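Below you'll find the structure, written out as structure tokens, and then a few comments.
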There are 2 protein chains.
Amino acid sequence: MADVARLAGVSSQTVSRVSTGHPGVLESTRREVLNAMQQLGYRPNSAARALKRGEFRTIGVILFTLATTGNSRTVEAIAAHAAREGYAITLIPVAVPTQDGVLGAFTRLGELAVDGIIVIMEVHLLDAVDLTLPPGVPVVVVDSDAGDRYPVVDADQADGARQAVRHLLDLGHETVWHVTGPDESFSSARRAQAWQAVLDEAGRPAPECERGDWSAESGYRAGRRLAARPDCTAIFVANDQMALGVLRALHEAGRRVPEDVSVVGFDDIPDAASYMPPLTTVRQDWAEVGRLCVQGLLQQINRHTVQPGTVLVPTTLIKRESTASPL
Amino acid sequence: MADVARLAGVSSQTVSRVSTGHPGVLESTRREVLNAMQQLGYRPNSAARALKRGEFRTIGVILFTLATTGNSRTVEAIAAHAAREGYAITLIPVAVPTQDGVLGAFTRLGELAVDGIIVIMEVHLLDAVDLTLPPGVPVVVVDSDAGDRYPVVDADQADGARQAVRHLLDLGHETVWHVTGPDESFSSARRAQAWQAVLDEAGRPAPECERGDWSAESGYRAGRRLAARPDCTAIFVANDQMALGVLRALHEAGRRVPEDVSVVGFDDIPDAASYMPPLTTVRQDWAEVGRLCVQGLLQQINRHTVQPGTVLVPTTLIKRESTASPL
DNA sequence: GCGCGTCATGTTTGCGTAAACATCGGCAGT
DNA sequence: ACTGCCGATGTTTACGCAAACATGACGCGC
């Protein structure tokens with residue numbers, strides 16, 4: 001910076017003013033400085049800046065995996081919106097989904113240069129490590145029921161599930177079977193709860209759930225078991241990938257979709273429209289979730305206000321060709 | 001830090017020594033300092049640290065999208081390996097895949113606190129912005145043909161495509177049709193080139209390519225056109241998602257897979273094993289790509305050696321049930 | 001017993017930046 | 001002409017840390 005100042009014939013403070021866009025610099029001076037900067041290939045040192053300003057303009061995102069469509073889409077939206085606000089995002093992957101793994105990530109995070117944190121994971125995994133969450137660091141949580149302790153942003157999974165199950169009942173199915181995600185997943189639990197609630201309301205018997213792990217393969221296994229039951233005519237599957245497996249199992253068992261069995265998925269991943277048949281499913285707006293995360297976090301950072309509570313992003317039932325009235 | 005020093009009854013330098021793990025501190029003193037740190041909730045300020053040390057221990061990853069399986073998996077592997085080496089990763093999404101967009105990202109990047117950059121995108125988009133790539137900043141590129149200018153890491157797409165096409169020819173197909181990715185994609189070009197080369201070598205006619213955009217929907221459209229041609233018995237599709245669309249198109253046209261038409265995909269995304277039928281495809285080892293990126297970048301950072309050149313990660317043909325000899 | 005080396009610890013300094021304050025020149029109002 | 005004020009720019013300082021150097025205590029060999 002001193003070199004630039006010398007070349008431009010001004011003080012380093014003026015250089016600083018130019019590079020931060022402060023007002024009160026003569027246009028002619030500004031141009032001179034800009035010119036000197038370019039000539040010397042000067043770029044501000046962000047460490048010094050962060051040190052001086054006491055902020056990093058960086059948001060940390062802590063998650064288990066980018067392998068799920070939901071997570072990667074959410075992160076992408078977070079990154080895009082953060083960039084728009086002049087924030088970079090730092091990814092903190094938790095290698096192992098254990099409390100030790102989370103603890104490690106949070107320890108690293110404590111030393112990391114971030115102004116706030118977005119947590120994309122089940123909060124119960126955080127319970128044991130709360131102490132290490134640097135106090136005073138703004139946090140927003142996704143995919144969790146921690147609305148009483150942190151600000152939470154999430155898709156309205158319960159409502160999506162309700163729409164899915166009601167759609168099947170409205171088509172005239174006696175009841176709806178359900179393939180859940182893994183036990184640890186709060187999303188899975190909420191979807192299952194809503195499924196159960198709708199059946200209860202309608203006075204229909206709730207068959208026992210099949211349990212999967214989100215993978216198509218696990219959906220296939222669940223689907224084979226369901227395909228063997230002639231009374232099963234409608235299935236609500238907790239995500240699209242498992243639904244893909246269910247469709248294959250039904251196909252192999254000779255049960256037609258939607259003529260013999262109706263299937264509804266969850267997520268509306270891009271491929272779902274190309275399944276055989278195109279899948280009726282519940283769309284989640286991950287972009288909006290990401291946007292609200294960033295917005296909520298920046299609000300905390302700038303206004304120093306924290307409001308625990310859950311913000312729900314609406315979900316939409318997308319009707320395609322995998323559902324029909326029973327024959 | 002001063003507070004910690006006071007509480008522990010030592011100088012701030014000793015606190016620094018403890019927090020950086022430097023040797024030459026009496027065990028008893030160390031414990032005392034650690035204790036004081038905990039009590040005061042002290043955590044080192046990484047901005048100051050970076051300023052003093054002249055390094056950020058952060059790697060920037062610049063890419064267009066996390067929406068493709070390949071990108072998100074690669075990023076995940078990069079993050080994991082970087083974490084293991086004590087590096088954080090910062091995501092720089094390029095909103096618009098134009099040179100302006102890239103330019104913007106690199107400008108931001110220049111002011112960003114990173115010690116090196118991994119670029120996951122077509123390098124030709126960088127051409128116009130080379131000047132803004134901060135000189136002296138280590139770079140590794142993925143998915144590009146810039147091996148003469150930068151260190152490049154990539155899956156061996158040509159070999160994977162060769163294996164796929166040879167497999168189909170070996171099964172006895174007269175020739176192999178091809179559905180490509182979008183024009184701008186270098187991966188797509190390499191796969192198409194290899195496809196053409198194998199057919200040429202074998203003295204087979206190369207049918208005209210169908211062009212897609214990686215999406216299942218575009219695969220479906222290409223598949224419909226191919227399904228209409230009775231002479232088409234073997235299709236090499238440039239990725240799995242488009243293959244899903246091709247499978248649906250063939251199914252709707254009443255052409256059985258693999259009895260009437262064989263299909264090979266590329267990527268081996270987890271769902272591919274659950275397609276109908278399970279898809280024969282080429283597996284890419286994204287985790288290894290990510291690992292090598294980090295390794296190569298750290299080598300540059302630590303040893304100050306740059307070696308342009310391309311490192312290829314082997315790809316493997318995974319034979320499933322979508323390919324068979326023609327009837 | 002003296003000098004020297006060794007080890008634990010303390011003191012000084014500067015990394016690059018920007019806020020706070022200081023200065024300086026000119027212009028409006030009287 | 002003088003005061004006062006404002007706008008443009010310069011000077012000083014501190015952000016938190018860790019290298020480099022300084023100090024001081026202790027032990028060992030002669």
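Lettering and numbering for the structure tokens are positional, with chains as A, B, ... in the shown order, residues counted from 1 in each chain, and ligands counted from 1 in the shown order.
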Taking a cut-off of 8 Å and counting only C-alpha atoms (C1' of nucleotides), can you build a table that, for each residue of chain A near chain D, reports the nearest atom pair and how far apart they are in Å (one decimal), sorted by chain then residue number, as JSON lines?
{"residue": "A:Ser11", "atom": "CA", "partner": "D:DG10", "partner_atom": "C1'", "distance": 6.3}
{"residue": "A:Gln13", "atom": "CA", "partner": "D:DG10", "partner_atom": "C1'", "distance": 7.7}
{"residue": "A:Thr14", "atom": "CA", "partner": "D:DT9", "partner_atom": "C1'", "distance": 7.1}
{"residue": "A:Gly24", "atom": "CA", "partner": "D:DA8", "partner_atom": "C1'", "distance": 6.6}
{"residue": "A:Val25", "atom": "CA", "partner": "D:DA8", "partner_atom": "C1'", "distance": 6.5}
{"residue": "A:Leu26", "atom": "CA", "partner": "D:DA8", "partner_atom": "C1'", "distance": 7.1}
{"residue": "A:Leu51", "atom": "CA", "partner": "D:DC15", "partner_atom": "C1'", "distance": 5.6}
{"residue": "A:Lys52", "atom": "CA", "partner": "D:DC15", "partner_atom": "C1'", "distance": 4.8}
{"residue": "A:Arg53", "atom": "CA", "partner": "D:DC15", "partner_atom": "C1'", "distance": 7.8}
{"residue": "A:Gly54", "atom": "CA", "partner": "D:DC15", "partner_atom": "C1'", "distance": 7.8}
Hey, list the chain A side of the contact with chain C: 10 Å cut-off, only C-alpha atoms (C1' of nucleotides), answer as an MDAnalysis selection string. chainID A and resid 1:2 12:13 16:17 20 44:53
Proximity check chain B to chain A, 8 Å, nearest pairs one decimal Å, only C-alpha atoms, as CSV:
residue,atom,partner,partner_atom,distance
B:Arg43,CA,A:Glu111,CA,6.4
B:Pro44,CA,A:Glu111,CA,6.2
B:Asn45,CA,A:Glu111,CA,7.0
B:Ser46,CA,A:Ala113,CA,5.7
B:Ala47,CA,A:Ala47,CA,4.9
B:Ala48,CA,A:Leu51,CA,5.6
B:Ala50,CA,A:Ala47,CA,5.8
B:Leu51,CA,A:Ala47,CA,5.1
B:Phe56,CA,A:Ala47,CA,7.8
B:Thr65,CA,A:Glu76,CA,7.0
B:Leu66,CA,A:Ser72,CA,5.9
B:Ala67,CA,A:Arg73,CA,6.4
B:Thr69,CA,A:Ala67,CA,7.4
B:Ser72,CA,A:Leu66,CA,5.9
B:Arg73,CA,A:Ala67,CA,6.4
B:Glu76,CA,A:Leu66,CA,6.2
B:Ala79,CA,A:Pro93,CA,6.5
B:Ala80,CA,A:Pro93,CA,6.4
B:Ala83,CA,A:Ile92,CA,7.9
B:Ala88,CA,A:Thr90,CA,6.8
B:Ile89,CA,A:Thr90,CA,5.5
B:Thr90,CA,A:Thr90,CA,4.3
B:Leu91,CA,A:Ile89,CA,5.7
B:Ile92,CA,A:Ala88,CA,7.1
B:Pro93,CA,A:Ala80,CA,6.4
B:Ala95,CA,A:Ala80,CA,6.8
B:Gly110,CA,A:Arg43,CA,6.8
B:Glu111,CA,A:Ser46,CA,6.2
B:Leu112,CA,A:Ser46,CA,6.3
B:Ala113,CA,A:Ser46,CA,5.7
B:Ser215,CA,A:Asp271,CA,7.7
B:Ala216,CA,A:Asp271,CA,5.9
B:Glu217,CA,A:Ser274,CA,6.5
B:Tyr220,CA,A:Ser274,CA,7.5
B:Gln241,CA,A:Asp271,CA,6.9
B:Leu244,CA,A:Ser274,CA,6.8
B:Gly245,CA,A:Ser274,CA,5.7
B:Arg248,CA,A:Met276,CA,6.2
B:Pro270,CA,A:Ala216,CA,7.7
B:Asp271,CA,A:Ala216,CA,5.9
B:Ala273,CA,A:Glu217,CA,7.7
B:Ser274,CA,A:Gly245,CA,5.7
B:Tyr275,CA,A:Arg248,CA,7.2
B:Met276,CA,A:Arg248,CA,6.3
Where does DSSP see strand (DSSP E or B) in range 77-316 of chain A, if you list the residues as an MDAnalysis selection string? chainID A and resid 88:93 116:120 139:142 151:155 177:180 210:211 234:237 262:264 267 280:283 309:313 316
Please identify which residues in range 130-275 of chain B DSSP calls alpha helix (DSSP H) from the backbone, and express them as JSON, numbers by chain. {"B": [157, 158, 159, 160, 161, 162, 163, 164, 165, 166, 167, 168, 169, 170, 186, 187, 188, 189, 190, 191, 192, 193, 194, 195, 196, 197, 198, 199, 200, 201, 216, 217, 218, 219, 220, 221, 222, 223, 224, 225, 226, 227, 240, 241, 242, 243, 244, 245, 246, 247, 248, 249, 250, 251, 252]}
Pick out the residues sitting within 8 Å of range 148-153 of chain A, and hand them over as a PyMOL selection string; count only C-alpha atoms (C1' of nucleotides), and ignore anything fewer than 6 positions along from it in its own chain. chain A and resi 139-142+289+292-293+296+306-313
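When CA of His173 in chain B is paired with CA of Asn239 in chain B, their separation reads 20.4 Å.
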Using only C-alpha atoms: which of B:Asp213, B:Val263, B:Asp156, B:Asp285 has the shortest distance to Pro182 in chain B: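 Among the listed residues, B:Asp213 lies closest to Pro182 in chain B.
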Using only C-alpha atoms (C1' of nucleotides), which residues sit within 9 Å of Gly9 in chain A once same-chain residues fewer than 5 positions away are excluded, as a list of chain:residue names?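 These residues fall inside the cut-off: A:Val4, A:Glu32, A:Val33.
Distance-wise, CA of Pro230 in chain B and CA of Ser187 in chain B end up 29.1 Å apart.
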Quick one, how far is CA of Cys209 in chain A from CA of His178 in chain A?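 Between these atoms lies a distance of 5.2 Å.
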